[in-house]
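Text of the file run.cif, holding mmCIF, C-alpha atoms and all ligand atoms:
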```cif
data_final
#
loop_
_atom_site.label_atom_id
_atom_site.label_comp_id
_atom_site.auth_asym_id
_atom_site.auth_seq_id
_atom_site.Cartn_x
_atom_site.Cartn_y
_atom_site.Cartn_z
CA MET A 97 19.22 -9.07 71.02
CA LYS A 98 20.52 -8.42 74.52
CA ILE A 99 23.74 -6.40 74.82
CA LEU A 100 25.89 -7.00 77.87
CA LEU A 101 29.07 -5.17 78.84
CA ALA A 102 31.87 -6.88 80.74
CA GLU A 103 32.12 -5.74 84.36
CA LYS A 104 35.64 -4.38 83.70
CA TYR A 105 36.81 -3.19 80.31
CA GLY A 106 38.70 -0.44 78.51
CA PHE A 107 41.38 1.98 79.70
CA CYS A 108 43.48 0.96 82.68
CA PHE A 109 45.00 3.61 84.95
CA GLY A 110 48.47 3.13 83.39
CA VAL A 111 47.27 3.94 79.90
CA ARG A 112 44.97 6.75 81.04
CA ASP A 113 47.83 8.44 82.96
CA ALA A 114 50.28 8.01 80.03
CA ILE A 115 47.85 9.56 77.54
CA GLU A 116 47.07 12.48 79.85
CA LEU A 117 50.77 13.14 80.49
CA ALA A 118 51.63 12.87 76.78
CA GLU A 119 48.81 15.19 75.77
CA ARG A 120 49.61 17.75 78.49
CA THR A 121 53.29 17.70 77.49
CA ALA A 122 52.48 18.15 73.80
CA ARG A 123 50.06 20.99 74.44
CA THR A 124 52.37 22.91 76.81
CA GLN A 125 55.52 22.74 74.66
CA PRO A 126 56.31 26.08 73.01
CA ALA A 127 57.27 24.36 69.73
CA SER A 128 54.51 21.81 69.23
CA GLY A 129 56.50 19.71 66.72
CA SER A 130 59.23 18.87 69.22
CA VAL A 131 57.45 16.39 71.47
CA TYR A 132 58.04 12.77 70.52
CA THR A 133 57.16 9.26 71.61
CA LEU A 134 59.26 6.27 70.71
CA GLY A 135 56.61 4.15 69.03
CA PRO A 136 52.89 4.85 69.41
CA VAL A 137 52.00 6.03 72.93
CA ILE A 138 49.45 3.21 73.09
CA HIS A 139 48.38 0.49 70.68
CA ASN A 140 45.37 2.36 69.47
CA LYS A 141 45.48 4.10 66.10
CA GLN A 142 42.57 6.45 66.82
CA VAL A 143 44.11 7.76 70.07
CA VAL A 144 47.53 8.17 68.42
CA GLU A 145 45.92 10.23 65.65
CA ARG A 146 44.22 12.50 68.20
CA LEU A 147 47.49 13.00 70.09
CA GLY A 148 49.19 13.74 66.76
CA GLU A 149 46.77 16.63 66.30
CA ALA A 150 47.88 17.92 69.73
CA GLY A 151 51.50 17.96 68.47
CA LEU A 152 52.83 14.59 69.62
CA ARG A 153 55.04 13.01 66.96
CA THR A 154 55.60 9.26 66.87
CA VAL A 155 59.14 8.21 65.90
CA ASP A 156 60.74 4.77 65.62
CA SER A 157 64.17 5.83 66.81
CA LEU A 158 65.86 8.66 68.70
CA ASP A 159 67.75 9.36 65.44
CA GLN A 160 64.51 10.84 64.12
CA THR A 161 64.37 13.47 66.89
CA ALA A 162 65.86 16.94 66.68
CA GLY A 163 65.92 18.29 70.21
CA GLY A 164 62.88 18.83 72.40
CA THR A 165 61.09 16.30 74.58
CA VAL A 166 60.65 12.56 74.41
CA VAL A 167 57.74 10.99 76.26
CA ILE A 168 58.39 7.43 77.43
CA ARG A 169 55.14 5.53 76.92
CA SER A 170 53.43 3.25 79.48
CA HIS A 171 55.36 0.16 78.20
CA GLY A 172 58.63 1.71 79.42
CA VAL A 173 62.06 1.39 77.82
CA SER A 174 65.44 -0.02 78.78
CA PRO A 175 67.77 2.24 80.82
CA GLY A 176 70.04 2.51 77.74
CA VAL A 177 67.32 4.38 75.85
CA ILE A 178 66.91 6.96 78.66
CA GLU A 179 70.71 7.42 78.78
CA ASP A 180 70.81 7.85 74.99
CA ALA A 181 67.97 10.40 75.05
CA THR A 182 69.64 12.38 77.86
CA ALA A 183 72.99 12.31 76.04
CA ARG A 184 71.25 13.81 72.98
CA GLY A 185 70.01 16.69 75.14
CA LEU A 186 66.37 15.58 75.01
CA ASN A 187 64.09 16.35 77.92
CA VAL A 188 62.70 12.98 79.10
CA VAL A 189 59.10 12.75 80.38
CA ASP A 190 58.56 9.30 81.80
CA ALA A 191 55.01 7.95 81.46
CA THR A 192 56.02 4.34 82.21
CA CYS A 193 53.19 2.63 84.09
CA ILE A 194 54.05 2.05 87.75
CA LEU A 195 53.36 -1.67 87.36
CA VAL A 196 55.78 -1.93 84.43
CA LYS A 197 58.31 -0.02 86.55
CA ARG A 198 57.73 -2.59 89.28
CA ALA A 199 58.57 -5.43 86.84
CA GLN A 200 61.70 -3.54 85.71
CA ASN A 201 62.82 -3.01 89.33
CA ILE A 202 62.15 -6.64 90.26
CA ALA A 203 64.24 -7.83 87.29
CA ALA A 204 67.14 -5.64 88.49
CA GLN A 205 66.67 -6.77 92.10
CA LEU A 206 66.57 -10.48 91.21
CA HIS A 207 69.79 -10.05 89.26
CA ALA A 208 71.38 -8.24 92.23
CA GLU A 209 70.33 -11.17 94.46
CA GLY A 210 72.23 -13.57 92.18
CA TYR A 211 69.33 -15.05 90.20
CA ARG A 212 69.45 -15.62 86.45
CA VAL A 213 66.37 -13.64 85.46
CA VAL A 214 63.69 -15.21 83.25
CA ILE A 215 60.76 -13.24 81.90
CA VAL A 216 57.71 -15.05 80.59
CA GLY A 217 56.50 -12.91 77.71
CA ASP A 218 56.58 -12.00 74.06
CA PRO A 219 60.17 -11.04 73.16
CA GLU A 220 58.89 -8.59 70.53
CA HIS A 221 56.60 -6.72 72.93
CA PRO A 222 57.97 -3.25 73.78
CA GLU A 223 57.43 -3.78 77.51
CA VAL A 224 59.51 -6.98 77.43
CA ARG A 225 62.21 -5.34 75.29
CA GLY A 226 62.41 -2.61 77.95
CA VAL A 227 62.59 -5.04 80.89
CA LEU A 228 65.37 -6.98 79.10
CA GLY A 229 67.61 -3.96 79.72
CA TYR A 230 67.25 -4.23 83.50
CA ALA A 231 69.22 -7.45 84.02
CA PRO A 232 72.19 -8.78 82.04
CA ASP A 233 71.71 -12.23 80.46
CA ILE A 234 67.96 -12.14 81.07
CA ILE A 235 66.12 -14.90 79.18
CA CYS A 236 62.69 -14.51 77.62
CA VAL A 237 60.47 -17.59 77.34
CA ASN A 238 57.04 -17.74 75.77
CA SER A 239 56.46 -21.37 74.72
CA PRO A 240 57.48 -24.92 75.69
CA GLU A 241 60.11 -24.82 72.88
CA ASP A 242 61.78 -21.85 74.63
CA MET A 243 62.78 -24.11 77.54
CA ALA A 244 65.83 -24.99 75.45
CA LYS A 245 67.10 -21.42 76.04
CA LEU A 246 67.37 -22.00 79.79
CA PRO A 247 70.59 -23.01 81.52
CA ARG A 248 70.79 -26.60 82.84
CA ARG A 249 71.36 -25.54 86.45
CA GLY A 250 71.61 -22.50 88.71
CA LYS A 251 69.02 -20.40 90.50
CA LEU A 252 66.37 -18.65 88.45
CA GLY A 253 64.26 -15.58 89.22
CA ILE A 254 61.05 -15.62 87.18
CA ILE A 255 58.75 -12.73 86.33
CA SER A 256 56.02 -12.19 83.73
CA GLN A 257 55.08 -9.63 81.11
CA THR A 258 52.39 -7.59 82.91
CA THR A 259 49.72 -8.34 80.31
CA HIS A 260 50.11 -12.12 80.20
CA THR A 261 47.49 -14.47 81.63
CA VAL A 262 48.04 -16.20 84.97
CA GLU A 263 47.32 -19.50 83.18
CA HIS A 264 50.15 -19.00 80.69
CA PHE A 265 52.52 -17.79 83.41
CA GLY A 266 51.61 -20.83 85.54
CA GLN A 267 52.15 -23.20 82.61
CA MET A 268 55.62 -21.76 81.89
CA VAL A 269 56.58 -21.80 85.59
CA GLY A 270 55.42 -25.44 85.73
CA LEU A 271 57.63 -26.36 82.76
CA ILE A 272 60.62 -24.57 84.32
CA THR A 273 60.02 -26.25 87.70
CA ALA A 274 59.97 -29.67 86.01
CA ARG A 275 63.57 -29.09 84.87
CA GLY A 276 64.72 -29.57 88.46
CA TYR A 277 66.52 -26.33 89.40
CA SER A 278 67.85 -26.12 92.95
CA GLU A 279 66.22 -22.73 93.56
CA LEU A 280 63.45 -20.76 91.88
CA LYS A 281 62.09 -17.39 92.94
CA VAL A 282 58.81 -16.57 91.21
CA VAL A 283 57.43 -13.03 91.41
CA ASN A 284 53.99 -12.44 89.97
CA THR A 285 54.27 -9.24 87.94
CA ILE A 286 50.98 -9.70 86.09
CA CYS A 287 48.89 -6.56 86.24
CA ASN A 288 45.55 -6.75 88.09
CA ALA A 289 43.89 -4.52 85.51
CA THR A 290 44.64 -7.18 82.92
CA LYS A 291 43.41 -10.01 85.13
CA GLU A 292 40.24 -8.15 86.08
CA ARG A 293 39.38 -7.68 82.39
CA GLN A 294 40.22 -11.31 81.66
CA ASP A 295 38.08 -12.61 84.56
CA ALA A 296 35.19 -10.33 83.60
CA VAL A 297 35.25 -11.50 80.00
CA GLN A 298 35.27 -15.12 81.09
CA ASP A 299 32.12 -14.51 83.19
CA LEU A 300 30.48 -12.72 80.30
CA CYS A 301 31.22 -15.52 77.82
CA ALA A 302 28.87 -17.80 79.80
CA LYS A 303 25.96 -15.42 79.17
CA VAL A 304 26.26 -14.56 75.47
CA ASP A 305 26.44 -16.27 72.08
CA VAL A 306 28.62 -13.67 70.38
CA MET A 307 31.46 -11.56 71.79
CA PHE A 308 32.88 -8.30 70.49
CA VAL A 309 36.36 -7.38 71.66
CA LEU A 310 37.23 -3.77 70.84
CA GLY A 311 40.78 -2.56 70.53
CA GLY A 312 43.87 -2.15 68.35
CA TYR A 313 44.81 -5.15 66.24
CA HIS A 314 48.38 -4.83 67.60
CA SER A 315 47.32 -4.51 71.24
CA SER A 316 48.61 -7.53 73.12
CA ASN A 317 46.06 -7.35 75.95
CA THR A 318 43.16 -6.93 73.49
CA ASN A 319 44.35 -9.97 71.54
CA ARG A 320 44.48 -11.94 74.79
CA LEU A 321 40.87 -11.00 75.60
CA ALA A 322 39.78 -12.26 72.17
CA GLU A 323 41.77 -15.46 72.72
CA ILE A 324 40.01 -16.09 76.06
CA CYS A 325 36.60 -15.65 74.38
CA ARG A 326 37.52 -18.08 71.58
CA ASP A 327 38.84 -20.59 74.11
CA ALA A 328 35.49 -20.34 75.90
CA GLY A 329 33.88 -21.46 72.63
CA VAL A 330 32.03 -18.19 71.93
CA ASP A 331 31.79 -16.76 68.42
CA THR A 332 34.27 -13.87 68.77
CA HIS A 333 35.01 -10.77 66.72
CA HIS A 334 38.00 -8.52 67.43
CA LEU A 335 37.22 -5.08 65.99
CA GLU A 336 39.17 -1.83 66.10
CA THR A 337 36.11 0.38 65.74
CA VAL A 338 32.47 0.22 64.74
CA LYS A 339 33.60 0.58 61.10
CA ASP A 340 34.79 -3.06 61.16
CA PHE A 341 31.35 -4.31 62.20
CA ARG A 342 29.17 -6.22 59.73
CA PRO A 343 25.48 -7.01 60.46
CA GLU A 344 25.97 -10.73 59.64
CA MET A 345 28.13 -10.96 62.79
CA VAL A 346 24.97 -10.84 64.90
CA ALA A 347 22.65 -12.76 62.56
CA GLY A 348 20.63 -15.26 64.62
CA LYS A 349 22.32 -14.19 67.89
CA THR A 350 20.30 -13.59 71.05
CA ALA A 351 22.90 -12.00 73.35
CA ALA A 352 26.02 -10.01 72.44
CA GLY A 353 28.83 -9.33 74.88
CA VAL A 354 31.15 -6.35 74.61
CA THR A 355 34.56 -5.82 76.13
CA ALA A 356 37.59 -3.71 75.25
CA GLY A 357 41.34 -3.80 75.76
CA ALA A 358 43.16 -1.60 78.24
CA SER A 359 44.16 0.77 75.42
CA THR A 360 40.68 1.30 73.99
CA PRO A 361 39.19 4.74 74.71
CA ASP A 362 35.61 5.11 76.02
CA TRP A 363 34.34 6.89 72.91
CA ILE A 364 35.14 3.88 70.68
CA ILE A 365 33.23 1.59 73.07
CA ASP A 366 30.25 4.00 73.39
CA GLU A 367 30.02 4.42 69.62
CA PHE A 368 30.04 0.64 69.10
CA VAL A 369 27.43 -0.07 71.79
CA ARG A 370 25.13 2.65 70.40
CA HIS A 371 25.42 1.07 66.94
CA LEU A 372 24.65 -2.41 68.28
CA GLN A 373 21.66 -1.07 70.23
CA ALA A 374 20.32 0.55 67.05
CA ILE A 375 20.59 -2.80 65.20
CA GLY A 376 19.26 -4.84 68.14
S1 LIG A 401 47.69 -2.95 81.59
FE1 LIG A 401 48.43 -2.78 83.71
S2 LIG A 401 50.65 -2.72 83.49
FE2 LIG A 401 49.82 -2.24 81.48
S3 LIG A 401 49.66 -0.02 81.46
FE3 LIG A 401 47.70 -0.80 82.19
S4 LIG A 401 47.84 -0.75 84.44
FE4 LIG A 401 49.92 -0.62 83.59
#
```
Using structure tokens, write down the structure from this file.
Amino acid sequence: MKILLAEKYGFCFGVRDAIELAERTARTQPASGSVYTLGPVIHNKQVVERLGEAGLRTVDSLDQTAGGTVVIRSHGVSPGVIEDATARGLNVVDATCILVKRAQNIAAQLHAEGYRVVIVGDPEHPEVRGVLGYAPDIICVNSPEDMAKLPRRGKLGIISQTTHTVEHFGQMVGLITARGYSELKVVNTICNATKERQDAVQDLCAKVDVMFVLGGYHSSNTNRLAEICRDAGVDTHHLETVKDFRPEMVAGKTAAGVTAGASTPDWIIDEFVRHLQAIG
């Protein structure tokens, strides 16, 4: 069985920088228990566990902190959270990815220019929840049914969750355009790292008969990669680590493709590929 890796896969610069900053902060704090992140620093259980060993504690709310430092993860947060953390006397270390910051700033700028801001994205995703704090009355749409949330008229400024596909963004913008607004300003805030991984996986799907997508089950960009593979008609398995692999997944297969989400560390990918090579 041939094993082919996607041309682009795994950690993006935003995640790599956030992990490095979080780890450095945790290791250099005098009291190792007093460095927190609000939610896991990335959607990868294995990396979060390793950072936990370095002294980084994951909390769900600032109420669970007791002084010290809070690291803002690459997804970013709303300005209210930073204000709250500062008011509690916490030292804030901001590891928000620069491309998420760009989306936040564009939301604020569109609002300042008089647009009703619309973000195409998953309303439950932490990045989207953060961006929602950058413009009052911002509307989040993610499906054709969500069009009912939009006002009937006015001028809209549209952005996207950074990890969404251009196809989905285009589809939503098309549906909004069809509603006949007098003015629309569309800013593409989709991250290139995401698109590069999505394009690479699409190319790879044409060359293999089974695809393995490695990454956290809660990682939005990893789930999207798996979705693209399934849409391409390839037998697809989304695995967190090599432990989830079963030999029957490659039974009768001649070529296996491997890719990984932007929050999947190299060692998980290397371990999986080595295992597949041993079987192959
Ligand atoms: S996927 Fe893109 S936007 Fe998200 S953290 Fe990585 S580089 Fe930043």
- Query: Using only C-alpha atoms, which residue out of A:Pro136, A:Gly329, A:Gly164, A:Gly151 lies closest to A:Thr182?
  - Reply: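 Of the candidates, the smallest distance to A:Thr182 is held by A:Gly164.
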- Using atom CA of A:Gln200 and atom CA of A:Met243 as the two end points, give the distance in Å to one decimal.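 Here the two named atoms are 22.2 Å from each other.
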- Message: Please compute the atom CA of A:Thr318-atom CA of A:Thr360 distance, one decimal, in Å.
- Response: 8.6 Å
- Task: Could the residues that lie within 7 Å of ligand LIG 401 (chain A), counting all atoms listed in the file, be listed as a count of residues only?
- Result: 17
- Identify which of the residues A:Val297, A:Ala162, A:Ala191, A:Met307 lies closest to A:Ala352, counting all atoms listed in the file when measuring atom-to-atom distances. A:Met307
- Query: Within 9 Å of A:Phe107, counting all atoms listed in the file, which residues qualify if same-chain residues fewer than 5 places away don't, as a PyMOL selection string?
  - Reply: chain A and resi 112+356-362
Go ahead and save the picked residues with C-alpha atoms, as a PDB file, in the coordinates of the input.
```
ATOM      1  CA  ARG A 112      44.970   6.750  81.040  1.00  0.00           C
ATOM      2  CA  ALA A 356      37.590  -3.710  75.250  1.00  0.00           C
ATOM      3  CA  GLY A 357      41.340  -3.800  75.760  1.00  0.00           C
ATOM      4  CA  ALA A 358      43.160  -1.600  78.240  1.00  0.00           C
ATOM      5  CA  SER A 359      44.160   0.770  75.420  1.00  0.00           C
ATOM      6  CA  THR A 360      40.680   1.300  73.990  1.00  0.00           C
ATOM      7  CA  PRO A 361      39.190   4.740  74.710  1.00  0.00           C
ATOM      8  CA  ASP A 362      35.610   5.110  76.020  1.00  0.00           C
TER       9      ASP A 362
END
```
- Task: Rank A:Ile235, A:Leu252, A:Leu271, A:Cys325 by their smallest atom-to-atom distance to A:Lys303, using all atoms listed in the file, and report the top residue only.
- Result: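 Between A:Ile235, A:Leu252, A:Leu271, A:Cys325, the residue approaching A:Lys303 most closely is A:Cys325.
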As JSON, please report the centre and edge lengths, rounded to one decimal in Å, of the axis-aligned box that holds all listed atoms of stretch 319-327 of chain A with 8 Å of padding on each of the six sides.
```
{"center_x": 40.5, "center_y": -15.3, "center_z": 73.8, "size_x": 23.9, "size_y": 26.6, "size_z": 20.5}
```
- Given the choices A:Val137, A:Ser316, A:Leu186, A:Arg370, which gets closest to A:Asp218 if the distance is worked out from only C-alpha atoms?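 The shortest atom-to-atom distance to A:Asp218 comes from A:Ser316.
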- Message: Which residues are near A:His221? Cut-off 12 Å, all atoms listed in the file, ignore same chain within fewer than 3 positions. Put them as a list in words.
- Response: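 My reading of the contact set: Gly135, His139, His171, Gly172, Val173, Ile215, Val216, Gly217, Asp218, Val224, Arg225, Gly226, Val227, Leu228, Cys236, Asn238, Gln257, Thr258, Thr259, His260, His314, Ser315, Ser316 and Asn317 of chain A.
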- Item | Surrounding residues of A:Leu147 excluding itself and chain neighbours under 5 positions, 10 Å, only C-alpha atoms, as a VMD selection string | chain A and resid 115 to 116 118 to 120 122 to 123 136 to 137 141 to 142 152 to 154
- Item | Sel. within 12 Å of pt (68.4, 6.6, 80.9), counting all atoms listed in the file, output as a ChimeraX atom specification | /A:166,168,172-190,226,229-230
